[in-house]
Amino acid sequence: MAGLMVSFTIHAEQFPVNLGTLLTEEEITRANITIYPDGQNLPNGQGSVLEGRKLYNDQCAFCHGESGTEGPAHRLAGSIGLFSIWDPLRIKRIMEVNGLLVMSTGQQWPYATTIFDFVRRAMPHPTAKSLSNNQVYAITGYILYLNDLVGEQDLIDKNNLPQIEMPAFKRFVHAQ
Amino acid sequence: MKRMQTAYIAGGGLVERRSLLLGGISFLAASSINQAVSASEGNKIIGDDFPAWSRTLGGGDSAYGQPSRYEHKVGRKLQLPAAPENSGTTGWLTPVQDMRGSITPNGLHFGSHHFGVPDIDPEKHELLIHGMVDRPLKFSVENLLRYSMISSIRFLECSGNTAINGLAPFSGDESCQDLYGLVSCAQWVGIRVADLLGEAGLKNGSAWVIAEGADSGSHSRSIPLAKLMDDSIIAFYQNGERLRAEQGYPMRLLLPGWEGNTNVKYLHRLEVTDRPAYTGHESGLYAEHLTNDKMEGFSFTMDVKSVITHPSAGQLLEEKGFMKFLVWHGQVTARYRKWKFRQMKEKPGRLRNCIFPLVTKHLPIFPFPGNGMENPQSS
C-alpha cells in the first residue's frame, strides 16, 4: 500500500514570518499604472487626434487595420452588429468574419479611460510600454475618433478623457 | 472457494501447483527415460523466449524525466485558428481524451497566453502590495518562499473553454482536446493571499484588489477582496515542482473555481482599492454577451460542465472497456448538487469508481462500463 502522508500545517497566524519591506512613495508611483474610470491616476500631458492618426498609421494599423475595423488583430472600432447571443443574424454574421472582428474596443468597453490604460501598458506588440504619455493620449484620441466619439481637431487629456461616454456604458452590467 | 495456486513449468505452460506436487513421484520415475529431453533443456538459452529489452542492459536515465517515447502522440495542441505568430496570443490544449486520473502533468497543462511567455529572473522579480493598506510592502521571491504554504488541488479552466461551440454557427465534430482542452487540474502550493494582505494591513473600505502580472501586457484584473481573503493562494509550486514559465513562473494567483484569466500569472502587484478598475480584459474579451442587448462583466465563476473524454473523436471504445468522463464545477450550484444527489441515488457505484474523491473544484474522472461504442457526443 502506498505510504500515507500526514502533514501538519502551521498557520501564519501562529508563526508570522513578516518578511515584507516597506515600499517608498517613489517606488509605488513608478509601479502604479492602473487608470480608473473617474480618471484617477491619469498622468499630465495631452495629445491630439491628428498626431494620433500619424502614430496609429505608423505603429498600429498593420495589425488593427487602417480604419480599426479590418484586423487581423482585434477590432478597435464599430462592430458587425452583433449585440446578443439570440440575434437572429448571429450565424450569418459570425460566418462572415473571424471572432476578433465581431465586436470592438469602441463598442464593448464601458469606459474610455481603459483605452489609455491598456494601450500604455500592453501596446504596441511586440514593444509594449514604448510610447510616451502624450503619444498614448493622442492614439487614444484617434481610436475614439475612429468610433465617432470625438472630433478630428480634439485634444485629449486627463480632464476630458473620463468625460467621454462610451456606447457600451449603458449596456454593461455586473454579474451577481 | 479455495484459491488456486499456479506455477511456471518449463515450456512456458501454467499448471496448478497441487497437481504438480501430487504428480512429483511419477515425475522422478520417468526421469531416466527423459534424458534426451533433459540434455536439450540443458542447452537451452532462455533469451530466445524474451523480447529485446529483456536481453540487453537498459539505457541511462536523465536529470529531468520524460514520457516514454511510445507516448509521443500524447501532447498539447495549438488551438486553431491560431493568431498571427507575433501576436503573443496562443491557446495550448490539454489532451483530456488521453489522460486518466485527476492531475494534469505539468507539461500537458493547458496554456492560454495573451502576451507570450515571459522569461522572468526570479532574483529580479518582486511582489508589491499597496493601495488601501497600512503598510505598503514589497517581497522578494526568495523571502516569499520562506512563508507557510498550503496545498490546493484545483482545476483551472480558461473561460473560453468550449467557446468554440458557442461561437461557431453549428456544433463542431471535433476531438475532446479541441473542444474541452482548456481545462486542467494540478496540486498548487502557495501562500494564502490573506496572509500577505494581513501583513500589509487592510484599511477600512477596501473591497477590491487590482492584480497585475509582469508580462509585456502587464495583464491586470480587478478581483473582489472577499475572494482573495477566502480560498485564494499565490502559487509557487505546481504538482511538486516550481511553476512552469507558461503557468506564471515565479508565481501566480490561484483563485479556485474562477475563470483562468483572473488567476493572474507572473504576479507582480496587488493594489488594494474600493472599486474595480475596468481593465481591458474585464471590459471586453472577458465580458459576456447576454440574451438581451446587455454585456455582463465580472462574471467570475466557472459553472458545471461534463464531458465524455474517452472515447471521443478519433477513438473507439474497445468491445469491452470503460468509458471515462469528467465533471467539474467552479461553484457549488443547485444544479451540481442535484446532479450529485441523483448520481448517489441511482448509481452509487459510479461515484465509488471515481478515480479521485469528489473534492470541490477539482477534476474527478469517472469510468463507466461500455460495450463497443463509437464516438458518443459530448454533453
# chains A, B, ... in the order shown; residues from 1 in each chain; ligands from 1
$ residues_around --residues "Gln40 in chain A" --least-positions-apart "2" --cutoff "10 Å" --atoms "only C-alpha atoms" --output "ChimeraX atom specification"
/A:34-38,42-43,113,158,162 /B:277
$ select_by_dssp --residues "range 117-303 of chain B" --states "helix (DSSP H, G or I)" --output "number ranges by chain"
B: 122-124, 141-144, 163-167, 176-180, 193-200, 225-230, 245-247, 260-262, 280-283
$ interface_residues --of "chain B" --to "chain A" --cutoff "7 Å" --atoms "only C-alpha atoms" --output "ChimeraX atom specification"
/B:87,135-139,143,147-148,169,195,199,216-218,277-280,283-284,289-299
$ residues_around --residues "range 185-190 of chain B" --least-positions-apart "3" --cutoff "10 Å" --atoms "only C-alpha atoms" --output "VMD selection string"
chain B and resid 101 to 106 109 to 110 144 to 145 147 to 157 193 232 to 243 251 to 254 361 to 364
